[in-house]
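S.K.: Handing you this structure, nothing more for now.
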Amino acid sequence: MTKKCPKCGKQIPDESNFCLNCGCHIYNKDSGNDSNSIFSNGKIFLVLIFVVLIVGGILIFSMGGSDDGQADDGLSKLAKEFSFTITDVNGNHNSADNSYFYWVEVLFQKVPSNQKDYIVKVIYLDENNTEVGQEIQSLADVYYEADYGLSVGYHTSYKYIDVDSVKVQIIKENEVIKETSAKVDKNKLNFENPDKNNTK
C-alpha cells in the first residue's frame, strides 16, 4: 500500500516516514500515536517522580515534625506539673576562712509527686550573663510542702563573686523542663567588707 506525500503529492510506501521524492517528513498514524504515546508516557513518568518526591518529603517532614511535636508536648505536660518562683537570693561572708556562701530561696507552689526523678540546678551569673557558679541537687532532697521559700543551690567560693542574677532550672533526663530567673538585690547580701580584690 502507498500513501500520498502532503508536500509534493508523490506516492510513497505506506511504511515510509519520509517522501522519497522531496524528503518531507511524514507521520504515520501508528508512529504518530506511538510517538505521542511515548511522549505522554515520558511526561507521566516525570509527573509520577515529582509526585513521589513531594509525597515522600511531606511524609518525612510530618513524621519528623510529629516526633518533635510529641517531644514538645511531653515537655509541656511536665512543665505544667511545676509552678515555682524565686523569692530571694542570699549571700554570707565568713571572715574566718574568707569564704563566700550563696543560696537561693524558691517557693514551690506545685510539684509532681515523684520528686526523685527531677534535678534542681541553680546557676549564678555575673553582669555579663556569664556563669560564675552552679549547684545541682535532687528535687527530693530540697522539697517539702511549705508556704515559704526553700533554700536551694548552696554555693561556696573562696573568692568574691559578683553575682548579678540567678537562674533556677528543673531538669529531667538532661532536659530542662522549666526555668525561671531573677536579678540579685546586692544590698541584701550579707557581705561585710567583702574582699572584692580576692577574685583569684
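For the C-alpha cells, the naming scheme is as follows: chains receive sequential letters (A, B, ...) according to their order of presentation, residues are indexed from 1 within each chain, and ligands are indexed from 1 in presentation order.
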Find the residues near A:Val132: any atom within 8 Å, counting only C-alpha atoms, skip ones fewer than 3 places away on the same chain, and give them as a list in words.

M.R.: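 Close residues of A:Val132: Ile123, Tyr124, Leu125, Asp126, Ile161 and Val163 of chain A.
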
S.K.: Those same residues - N, CA and C atoms - I'd like them written as a compact mmCIF listing (two decimals), in the first residue's frame.

M.R.:
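Once everything was written out, this is again.txt:
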```txt
# COMPACT_ATOMS: atom_id res chain seq x y z
N ILE A 123 22.03 28.28 88.77
CA ILE A 123 23.17 28.86 88.04
C ILE A 123 23.33 30.31 88.49
N TYR A 124 24.55 30.65 88.90
CA TYR A 124 24.87 32.01 89.32
C TYR A 124 25.56 32.72 88.15
N LEU A 125 25.09 33.93 87.84
CA LEU A 125 25.59 34.66 86.67
C LEU A 125 26.09 36.04 87.08
N ASP A 126 27.13 36.51 86.36
CA ASP A 126 27.61 37.87 86.61
C ASP A 126 26.86 38.85 85.71
N ILE A 161 32.60 36.61 94.44
CA ILE A 161 31.91 36.50 93.15
C ILE A 161 30.84 37.58 93.11
N VAL A 163 27.82 38.28 91.95
CA VAL A 163 26.65 37.65 91.33
C VAL A 163 25.61 38.72 91.01
```

S.K.: I'd like to know which of A:Lys121, A:Phe45, A:Val89, A:Met1 is closest to A:Lys178, using only C-alpha atoms.

M.R.: A:Lys121

S.K.: Using only C-alpha atoms for the distances, tell me which of A:Lys7, A:Lys159, A:Lys186, A:Lys110 is nearest to A:Leu78.

M.R.: A:Lys110

S.K.: For atom CA of A:Leu107 and atom CA of A:Asn187, determine how far apart the two atoms are, in Å to one decimal place.

M.R.: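 Answer for the atom CA of A:Leu107 to atom CA of A:Asn187 separation: 21.3 Å.
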
S.K.: Restricting the calculation to only C-alpha atoms, which member of A:Val106, A:Ile177, A:Ile54, A:Ile136 is positioned closest to A:Leu75?

M.R.: A:Ile177

S.K.: Fewer than 2 positions away in the same chain doesn't count, so skip those; otherwise give me all residues within 9 Å of stretch 143-158 of chain A, counting only C-alpha atoms, as a PyMOL selection string.

M.R.: chain A and resi 85-88+97-109+111+115+120-124+133-141+160-161+168+198-200

S.K.: For the residues in the current selection, export N, CA and C atoms as a short mmCIF file (atom, residue, chain, number, x, y, z; two decimals), in the first residue's frame.

M.R.:
```
data_model
loop_
_atom_site.label_atom_id
_atom_site.label_comp_id
_atom_site.auth_asym_id
_atom_site.auth_seq_id
_atom_site.Cartn_x
_atom_site.Cartn_y
_atom_site.Cartn_z
N THR A 85 8.61 30.07 92.09
CA THR A 85 9.17 31.41 91.91
C THR A 85 10.40 31.56 92.81
N ILE A 86 11.30 32.41 92.37
CA ILE A 86 12.47 32.76 93.20
C ILE A 86 12.04 33.91 94.11
N THR A 87 12.11 33.69 95.40
CA THR A 87 11.69 34.73 96.34
C THR A 87 12.85 35.55 96.87
N ASP A 88 14.06 34.97 96.87
CA ASP A 88 15.20 35.72 97.42
C ASP A 88 16.51 35.07 96.99
N ASP A 97 37.51 32.09 107.35
CA ASP A 97 38.28 31.44 106.28
C ASP A 97 38.14 32.18 104.95
N ASN A 98 37.55 33.39 105.00
CA ASN A 98 37.37 34.23 103.82
C ASN A 98 36.60 33.49 102.71
N SER A 99 35.54 32.81 103.12
CA SER A 99 34.71 32.11 102.13
C SER A 99 33.39 32.86 101.94
N TYR A 100 32.79 32.63 100.80
CA TYR A 100 31.54 33.29 100.44
C TYR A 100 30.49 32.23 100.15
N PHE A 101 29.31 32.40 100.76
CA PHE A 101 28.22 31.46 100.58
C PHE A 101 27.09 32.16 99.82
N TYR A 102 26.51 31.44 98.90
CA TYR A 102 25.37 31.95 98.13
C TYR A 102 24.29 30.87 98.15
N TRP A 103 23.05 31.28 98.25
CA TRP A 103 21.94 30.34 98.12
C TRP A 103 20.69 31.10 97.67
N VAL A 104 19.73 30.34 97.18
CA VAL A 104 18.52 30.91 96.60
C VAL A 104 17.31 30.37 97.36
N GLU A 105 16.33 31.23 97.57
CA GLU A 105 15.07 30.80 98.18
C GLU A 105 14.04 30.63 97.06
N VAL A 106 13.47 29.43 96.97
CA VAL A 106 12.49 29.13 95.93
C VAL A 106 11.19 28.68 96.58
N LEU A 107 10.11 29.33 96.17
CA LEU A 107 8.78 28.94 96.66
C LEU A 107 8.15 28.03 95.61
N PHE A 108 7.94 26.77 95.98
CA PHE A 108 7.31 25.80 95.08
C PHE A 108 5.80 25.80 95.34
N GLN A 109 5.03 26.24 94.37
CA GLN A 109 3.58 26.20 94.52
C GLN A 109 3.00 24.86 94.05
N VAL A 111 4.40 20.85 92.49
CA VAL A 111 5.42 19.91 92.03
C VAL A 111 4.76 18.55 91.83
N GLN A 115 9.28 13.44 93.05
CA GLN A 115 10.36 14.44 93.03
C GLN A 115 11.73 13.84 92.72
N VAL A 120 17.21 19.90 90.52
CA VAL A 120 17.17 21.36 90.62
C VAL A 120 18.58 21.87 90.35
N LYS A 121 18.70 22.72 89.35
CA LYS A 121 20.01 23.31 89.02
C LYS A 121 19.93 24.81 89.23
N VAL A 122 20.83 25.33 90.04
CA VAL A 122 20.91 26.77 90.28
C VAL A 122 22.18 27.28 89.63
N ILE A 123 22.03 28.28 88.77
CA ILE A 123 23.17 28.86 88.04
C ILE A 123 23.33 30.31 88.49
N TYR A 124 24.55 30.65 88.90
CA TYR A 124 24.87 32.01 89.32
C TYR A 124 25.56 32.72 88.15
N GLY A 133 29.13 30.20 88.75
CA GLY A 133 28.95 29.12 89.72
C GLY A 133 27.64 28.40 89.48
N GLN A 134 27.58 27.14 89.94
CA GLN A 134 26.34 26.38 89.81
C GLN A 134 26.29 25.28 90.85
N GLU A 135 25.09 24.86 91.17
CA GLU A 135 24.88 23.75 92.08
C GLU A 135 23.73 22.90 91.56
N ILE A 136 23.86 21.58 91.70
CA ILE A 136 22.84 20.64 91.25
C ILE A 136 22.47 19.71 92.39
N GLN A 137 21.18 19.49 92.59
CA GLN A 137 20.73 18.56 93.62
C GLN A 137 19.36 18.00 93.24
N SER A 138 19.05 16.87 93.82
CA SER A 138 17.76 16.23 93.56
C SER A 138 16.64 17.07 94.18
N LEU A 139 15.55 17.17 93.45
CA LEU A 139 14.38 17.89 93.98
C LEU A 139 13.90 17.23 95.26
N ALA A 140 14.00 15.90 95.34
CA ALA A 140 13.55 15.18 96.52
C ALA A 140 14.35 15.58 97.76
N ASP A 141 15.60 16.03 97.57
CA ASP A 141 16.44 16.41 98.71
C ASP A 141 16.12 17.80 99.24
N TYR A 160 35.65 36.25 96.04
CA TYR A 160 34.45 37.05 95.91
C TYR A 160 33.88 36.89 94.50
N ILE A 161 32.60 36.61 94.44
CA ILE A 161 31.91 36.50 93.15
C ILE A 161 30.84 37.58 93.11
N VAL A 168 17.17 29.32 87.96
CA VAL A 168 16.81 28.04 88.55
C VAL A 168 16.13 27.20 87.49
N ASN A 198 39.84 39.86 96.01
CA ASN A 198 40.13 38.41 96.10
C ASN A 198 39.28 37.68 95.08
N THR A 199 39.67 37.74 93.85
CA THR A 199 38.89 37.11 92.78
C THR A 199 39.67 35.98 92.13
N LYS A 200 40.78 35.59 92.71
CA LYS A 200 41.59 34.51 92.15
C LYS A 200 41.38 33.23 92.92
#
```

S.K.: Please, which residues of chain A, numbered as in this document, come out alpha helix (DSSP H) from DSSP, as a ChimeraX atom specification?

M.R.: /A:29-80,139-142

S.K.: Include C-alpha atoms and write out the residues we just selected as a compact mmCIF listing (two decimals), in the first residue's frame.

M.R.:
```
# COMPACT_ATOMS: atom_id res chain seq x y z
CA LYS A 29 -0.86 7.26 12.19
CA ASP A 30 0.62 4.43 14.20
CA SER A 31 4.05 6.00 14.57
CA GLY A 32 2.48 9.35 15.44
CA ASN A 33 0.38 7.73 18.08
CA ASP A 34 3.41 5.80 19.29
CA SER A 35 5.46 8.94 19.48
CA ASN A 36 2.71 10.81 21.24
CA SER A 37 2.21 7.84 23.49
CA ILE A 38 5.92 7.66 24.31
CA PHE A 39 5.95 11.39 24.93
CA SER A 40 2.89 11.14 27.11
CA ASN A 41 4.35 8.20 28.98
CA GLY A 42 7.52 10.20 29.48
CA LYS A 43 5.54 13.11 30.83
CA ILE A 44 3.54 10.82 33.07
CA PHE A 45 6.77 9.24 34.31
CA LEU A 46 8.21 12.67 35.19
CA VAL A 47 4.98 13.70 36.89
CA LEU A 48 4.96 10.46 38.89
CA ILE A 49 8.56 11.03 40.03
CA PHE A 50 7.66 14.59 41.02
CA VAL A 51 4.60 13.43 42.96
CA VAL A 52 6.56 10.68 44.73
CA LEU A 53 9.25 13.17 45.76
CA ILE A 54 6.70 15.64 47.09
CA VAL A 55 4.70 12.99 48.96
CA GLY A 56 7.89 11.47 50.37
CA GLY A 57 9.12 14.88 51.50
CA ILE A 58 5.78 15.64 53.16
CA LEU A 59 5.80 12.27 54.94
CA ILE A 60 9.38 12.71 56.19
CA PHE A 61 8.67 16.28 57.30
CA SER A 62 5.42 15.35 59.02
CA MET A 63 7.00 12.35 60.76
CA GLY A 64 9.88 14.49 61.97
CA GLY A 65 7.51 17.25 62.96
CA SER A 66 5.27 14.85 64.84
CA ASP A 67 8.25 13.48 66.77
CA ASP A 68 9.32 16.98 67.71
CA GLY A 69 5.75 17.84 68.48
CA GLN A 70 5.41 14.82 70.72
CA ALA A 71 8.65 15.73 72.49
CA ASP A 72 7.48 19.31 72.90
CA ASP A 73 4.08 18.11 74.10
CA GLY A 74 5.80 15.83 76.62
CA LEU A 75 7.94 18.69 77.95
CA SER A 76 4.92 20.99 78.06
CA LYS A 77 2.97 18.44 80.09
CA LEU A 78 5.86 18.05 82.52
CA ALA A 79 6.28 21.82 82.77
CA LYS A 80 2.61 22.16 83.76
CA LEU A 139 14.38 17.89 93.98
CA ALA A 140 13.55 15.18 96.52
CA ASP A 141 16.44 16.41 98.71
CA VAL A 142 15.23 20.01 98.86
```

S.K.: Using DSSP on the backbone, list every residue of stretch 73-148 of chain A that comes out as strand (DSSP E or B), and give them as a VMD selection string.

M.R.: chain A and resid 83 to 94 99 to 110 119 to 125 131 to 138

S.K.: Report, in Å with one decimal, the straight-line distance from atom CA of A:Asn128 to atom CA of A:Lys188.

M.R.: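 It comes out at 20.7 Å.
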
S.K.: Within 9 Å of A:Pro13, counting only C-alpha atoms, which residues show up once you throw out same-chain ones fewer than 6 positions away? Write them as number ranges by chain, please.

M.R.: A: 1-4, 19-20

S.K.: Please save all heavy atoms of the selected residues as a compact mmCIF listing (two decimals), in the first residue's frame.

M.R.:
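Wrote it out as again_5.txt, contents follow:
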```
# COMPACT_ATOMS: atom_id res chain seq x y z
N MET A 1 0.84 -1.18 0.00
CA MET A 1 0.00 0.00 0.00
C MET A 1 0.89 1.25 0.00
O MET A 1 2.01 1.21 0.47
CB MET A 1 -0.91 -0.02 1.23
CG MET A 1 -1.87 -1.21 1.21
SD MET A 1 -3.36 -1.01 2.17
CE MET A 1 -3.91 0.59 1.83
N THR A 2 0.31 2.29 -0.57
CA THR A 2 1.06 3.55 -0.63
C THR A 2 0.23 4.67 -0.01
O THR A 2 -0.96 4.52 0.24
CB THR A 2 1.41 3.90 -2.09
OG1 THR A 2 0.20 4.06 -2.82
CG2 THR A 2 2.27 2.83 -2.73
N LYS A 3 0.92 5.78 0.18
CA LYS A 3 0.25 6.98 0.66
C LYS A 3 0.81 8.16 -0.11
O LYS A 3 1.86 8.07 -0.74
CB LYS A 3 0.45 7.14 2.16
CG LYS A 3 1.90 7.21 2.60
CD LYS A 3 2.01 7.20 4.11
CE LYS A 3 3.48 7.12 4.51
NZ LYS A 3 3.66 7.01 5.96
N LYS A 4 0.11 9.29 -0.02
CA LYS A 4 0.47 10.46 -0.80
C LYS A 4 1.27 11.43 0.05
O LYS A 4 0.91 11.71 1.19
CB LYS A 4 -0.81 11.13 -1.30
CG LYS A 4 -0.61 12.19 -2.34
CD LYS A 4 -1.96 12.67 -2.82
CE LYS A 4 -1.80 13.73 -3.90
NZ LYS A 4 -3.10 14.20 -4.37
N CYS A 19 9.27 11.29 2.42
CA CYS A 19 8.97 11.24 0.98
C CYS A 19 10.27 10.97 0.23
O CYS A 19 11.27 11.66 0.43
CB CYS A 19 8.35 12.56 0.54
SG CYS A 19 8.05 12.63 -1.25
N LEU A 20 10.22 9.95 -0.64
CA LEU A 20 11.42 9.59 -1.41
C LEU A 20 11.73 10.63 -2.47
O LEU A 20 12.86 10.69 -2.99
CB LEU A 20 11.23 8.22 -2.06
CG LEU A 20 10.93 7.07 -1.09
CD1 LEU A 20 10.67 5.78 -1.85
CD2 LEU A 20 12.07 6.91 -0.12
```
